[in-house]
Amino acid sequence: MKPFDASSKCEGLLDTNVVIHWLMNDSNSEQCRAFLASLESGHRVVRLEPYIVHELTYVMARRLKLSKHETASILLRIVQWPGIECDKNLLNGALLRWRDRPGLSFIDALLASEAILSQTRIFTINVGDFDEPGIEVPKPLDNYTP
């Protein structure tokens with residue numbers, strides 16, 4: 001992840017609550033909608049961290065009662081906005097994997113996406129969560145020797 005520096009247009013980090021209020025109708029919704037519209041247009045730039053996307057997947061399901069598919073669709077769209085700095089390949093892969101695999105947690109989807117992108121293995125007992133091409137899982141754990 002790129003650190004903040006003087007040459008970056010990034011103004012800071014995006015928090016979960018801005019997206020949640022954007023989706024709601026409350027006293028904070030209008031300012032959140034205006035702010036996110038500026039990110040969608042690219043007039044402003046912020047960083048979206050994977051742990052915030054994780055929290056959004058949880059809050060959007062629990063508080064807003066959105067399905068995995070609805071949540072993933074919204075987040076996949078946000079990740080593509082010109083005013084959003086993030087690891088787009090990592091988050092796109094994680095969101096698609098999470099959306100398409102019932103029972104898979106977002107963190108496991110993120111871990112799988114990272115393993116594929118960095119071409120590394122995953123050490124886990126939950127082998128079934130990572131049973132797909134491009135992911136190496138040593139079975140059993142002590143079967144791997146560097």
# chains A, B, ... in the order shown; residues from 1 in each chain; ligands from 1
>>> residues_around(residues="Cys86 (chain A)", least_positions_apart="5", cutoff="12 Å", atoms="only C-alpha atoms", output="PyMOL selection string")
chain A and resi 1-3+10+12-14+45-53+76+78-81+91-92
>>> write_last_selection(atoms="C-alpha atoms", output="compact mmCIF listing (two decimals), in the first residue's frame")
# COMPACT_ATOMS: atom_id res chain seq x y z
CA MET A 1 0.00 0.00 0.00
CA LYS A 2 1.23 3.38 -0.95
CA PRO A 3 2.01 5.68 2.00
CA CYS A 10 -5.16 11.26 -1.49
CA GLY A 12 -7.03 10.58 3.90
CA LEU A 13 -8.84 7.38 4.82
CA LEU A 14 -12.52 6.54 4.28
CA VAL A 45 -9.53 11.18 -3.43
CA VAL A 46 -9.43 8.98 -0.33
CA ARG A 47 -7.97 5.58 0.51
CA LEU A 48 -10.24 2.60 1.14
CA GLU A 49 -8.55 -0.06 3.26
CA PRO A 50 -9.46 -3.77 3.10
CA TYR A 51 -10.40 -3.83 6.80
CA ILE A 52 -13.01 -1.12 6.13
CA VAL A 53 -14.46 -3.20 3.28
CA LEU A 76 -17.52 -3.43 -6.33
CA ILE A 78 -17.31 1.96 -5.06
CA VAL A 79 -13.91 0.29 -5.51
CA GLN A 80 -13.93 1.41 -9.17
CA TRP A 81 -14.59 5.08 -8.48
CA LEU A 91 -10.60 -6.07 -3.37
CA ASN A 92 -12.30 -7.00 -6.66
>>> select_by_dssp(residues="chain A", states="strand (DSSP E or B)", output="MDAnalysis selection string")
chainID A and resid 13 46:47 84:85 121 136
>>> closest_residue(among="A:His21, A:Arg99, A:Lys9, A:Lys139", to="Ser67 (chain A)", atoms="only C-alpha atoms")
A:Arg99
>>> select_by_dssp(residues="chain A", states="helix (DSSP H, G or I)", output="PyMOL selection string")
chain A and resi 16-23+29-41+50-62+68-80+88-100+106-118+127-130+141-143
>>> decode(residues="region 83-114 of chain A", atoms="N, CA and C atoms", output="mmCIF file, in the first residue's frame")
data_model
loop_
_atom_site.group_PDB
_atom_site.id
_atom_site.type_symbol
_atom_site.label_atom_id
_atom_site.label_comp_id
_atom_site.auth_asym_id
_atom_site.auth_seq_id
_atom_site.Cartn_x
_atom_site.Cartn_y
_atom_site.Cartn_z
ATOM 1 N N GLY A 83 -12.097 8.388 -7.380
ATOM 2 C CA GLY A 83 -11.683 9.009 -6.130
ATOM 3 C C GLY A 83 -11.382 8.020 -5.023
ATOM 4 N N ILE A 84 -11.336 6.742 -5.358
ATOM 5 C CA ILE A 84 -11.023 5.702 -4.377
ATOM 6 C C ILE A 84 -9.661 5.110 -4.702
ATOM 7 N N GLU A 85 -8.733 5.277 -3.778
ATOM 8 C CA GLU A 85 -7.435 4.609 -3.877
ATOM 9 C C GLU A 85 -7.507 3.354 -3.029
ATOM 10 N N CYS A 86 -7.132 2.235 -3.624
ATOM 11 C CA CYS A 86 -7.109 0.963 -2.916
ATOM 12 C C CYS A 86 -6.415 -0.043 -3.813
ATOM 13 N N ASP A 87 -6.204 -1.216 -3.292
ATOM 14 C CA ASP A 87 -5.695 -2.296 -4.113
ATOM 15 C C ASP A 87 -6.905 -2.882 -4.836
ATOM 16 N N LYS A 88 -7.196 -2.339 -6.004
ATOM 17 C CA LYS A 88 -8.405 -2.704 -6.733
ATOM 18 C C LYS A 88 -8.429 -4.178 -7.111
ATOM 19 N N ASN A 89 -7.294 -4.735 -7.531
ATOM 20 C CA ASN A 89 -7.250 -6.160 -7.886
ATOM 21 C C ASN A 89 -7.553 -7.036 -6.676
ATOM 22 N N LEU A 90 -6.962 -6.696 -5.545
ATOM 23 C CA LEU A 90 -7.184 -7.468 -4.320
ATOM 24 C C LEU A 90 -8.651 -7.408 -3.907
ATOM 25 N N LEU A 91 -9.214 -6.213 -3.843
ATOM 26 C CA LEU A 91 -10.598 -6.069 -3.373
ATOM 27 C C LEU A 91 -11.606 -6.617 -4.374
ATOM 28 N N ASN A 92 -11.386 -6.413 -5.667
ATOM 29 C CA ASN A 92 -12.295 -7.000 -6.659
ATOM 30 C C ASN A 92 -12.311 -8.514 -6.545
ATOM 31 N N GLY A 93 -11.125 -9.121 -6.478
ATOM 32 C CA GLY A 93 -11.053 -10.576 -6.346
ATOM 33 C C GLY A 93 -11.731 -11.066 -5.086
ATOM 34 N N ALA A 94 -11.496 -10.380 -3.980
ATOM 35 C CA ALA A 94 -12.093 -10.783 -2.709
ATOM 36 C C ALA A 94 -13.615 -10.634 -2.736
ATOM 37 N N LEU A 95 -14.106 -9.516 -3.240
ATOM 38 C CA LEU A 95 -15.554 -9.283 -3.260
ATOM 39 C C LEU A 95 -16.274 -10.268 -4.180
ATOM 40 N N LEU A 96 -15.700 -10.552 -5.329
ATOM 41 C CA LEU A 96 -16.324 -11.520 -6.235
ATOM 42 C C LEU A 96 -16.330 -12.916 -5.635
ATOM 43 N N ARG A 97 -15.223 -13.308 -5.045
ATOM 44 C CA ARG A 97 -15.109 -14.629 -4.409
ATOM 45 C C ARG A 97 -16.106 -14.724 -3.243
ATOM 46 N N TRP A 98 -16.170 -13.694 -2.411
ATOM 47 C CA TRP A 98 -17.084 -13.679 -1.258
ATOM 48 C C TRP A 98 -18.534 -13.747 -1.726
ATOM 49 N N ARG A 99 -18.855 -12.979 -2.770
ATOM 50 C CA ARG A 99 -20.226 -12.968 -3.309
ATOM 51 C C ARG A 99 -20.643 -14.334 -3.849
ATOM 52 N N ASP A 100 -19.719 -15.012 -4.521
ATOM 53 C CA ASP A 100 -20.051 -16.224 -5.261
ATOM 54 C C ASP A 100 -19.912 -17.523 -4.475
ATOM 55 N N ARG A 101 -19.369 -17.444 -3.260
ATOM 56 C CA ARG A 101 -19.181 -18.669 -2.465
ATOM 57 C C ARG A 101 -19.967 -18.569 -1.164
ATOM 58 N N PRO A 102 -21.147 -19.177 -1.121
ATOM 59 C CA PRO A 102 -21.945 -19.142 0.109
ATOM 60 C C PRO A 102 -21.139 -19.719 1.279
ATOM 61 N N GLY A 103 -21.247 -19.075 2.408
ATOM 62 C CA GLY A 103 -20.572 -19.559 3.603
ATOM 63 C C GLY A 103 -19.132 -19.092 3.746
ATOM 64 N N LEU A 104 -18.559 -18.524 2.700
ATOM 65 C CA LEU A 104 -17.180 -18.034 2.777
ATOM 66 C C LEU A 104 -17.172 -16.657 3.430
ATOM 67 N N SER A 105 -16.340 -16.483 4.440
ATOM 68 C CA SER A 105 -16.239 -15.175 5.093
ATOM 69 C C SER A 105 -15.465 -14.215 4.195
ATOM 70 N N PHE A 106 -15.683 -12.931 4.406
ATOM 71 C CA PHE A 106 -14.956 -11.952 3.596
ATOM 72 C C PHE A 106 -13.458 -12.050 3.859
ATOM 73 N N ILE A 107 -13.067 -12.277 5.098
ATOM 74 C CA ILE A 107 -11.636 -12.366 5.420
ATOM 75 C C ILE A 107 -10.992 -13.536 4.681
ATOM 76 N N ASP A 108 -11.667 -14.677 4.600
ATOM 77 C CA ASP A 108 -11.118 -15.798 3.847
ATOM 78 C C ASP A 108 -11.077 -15.483 2.351
ATOM 79 N N ALA A 109 -12.070 -14.775 1.849
ATOM 80 C CA ALA A 109 -12.055 -14.357 0.446
ATOM 81 C C ALA A 109 -10.891 -13.398 0.183
ATOM 82 N N LEU A 110 -10.628 -12.512 1.125
ATOM 83 C CA LEU A 110 -9.509 -11.571 1.016
ATOM 84 C C LEU A 110 -8.178 -12.321 1.058
ATOM 85 N N LEU A 111 -8.075 -13.284 1.953
ATOM 86 C CA LEU A 111 -6.865 -14.096 2.061
ATOM 87 C C LEU A 111 -6.617 -14.870 0.763
ATOM 88 N N ALA A 112 -7.660 -15.451 0.193
ATOM 89 C CA ALA A 112 -7.535 -16.182 -1.071
ATOM 90 C C ALA A 112 -7.094 -15.256 -2.199
ATOM 91 N N SER A 113 -7.693 -14.083 -2.262
ATOM 92 C CA SER A 113 -7.328 -13.108 -3.290
ATOM 93 C C SER A 113 -5.862 -12.708 -3.158
ATOM 94 N N GLU A 114 -5.416 -12.476 -1.937
ATOM 95 C CA GLU A 114 -4.014 -12.119 -1.682
ATOM 96 C C GLU A 114 -3.084 -13.259 -2.072
#
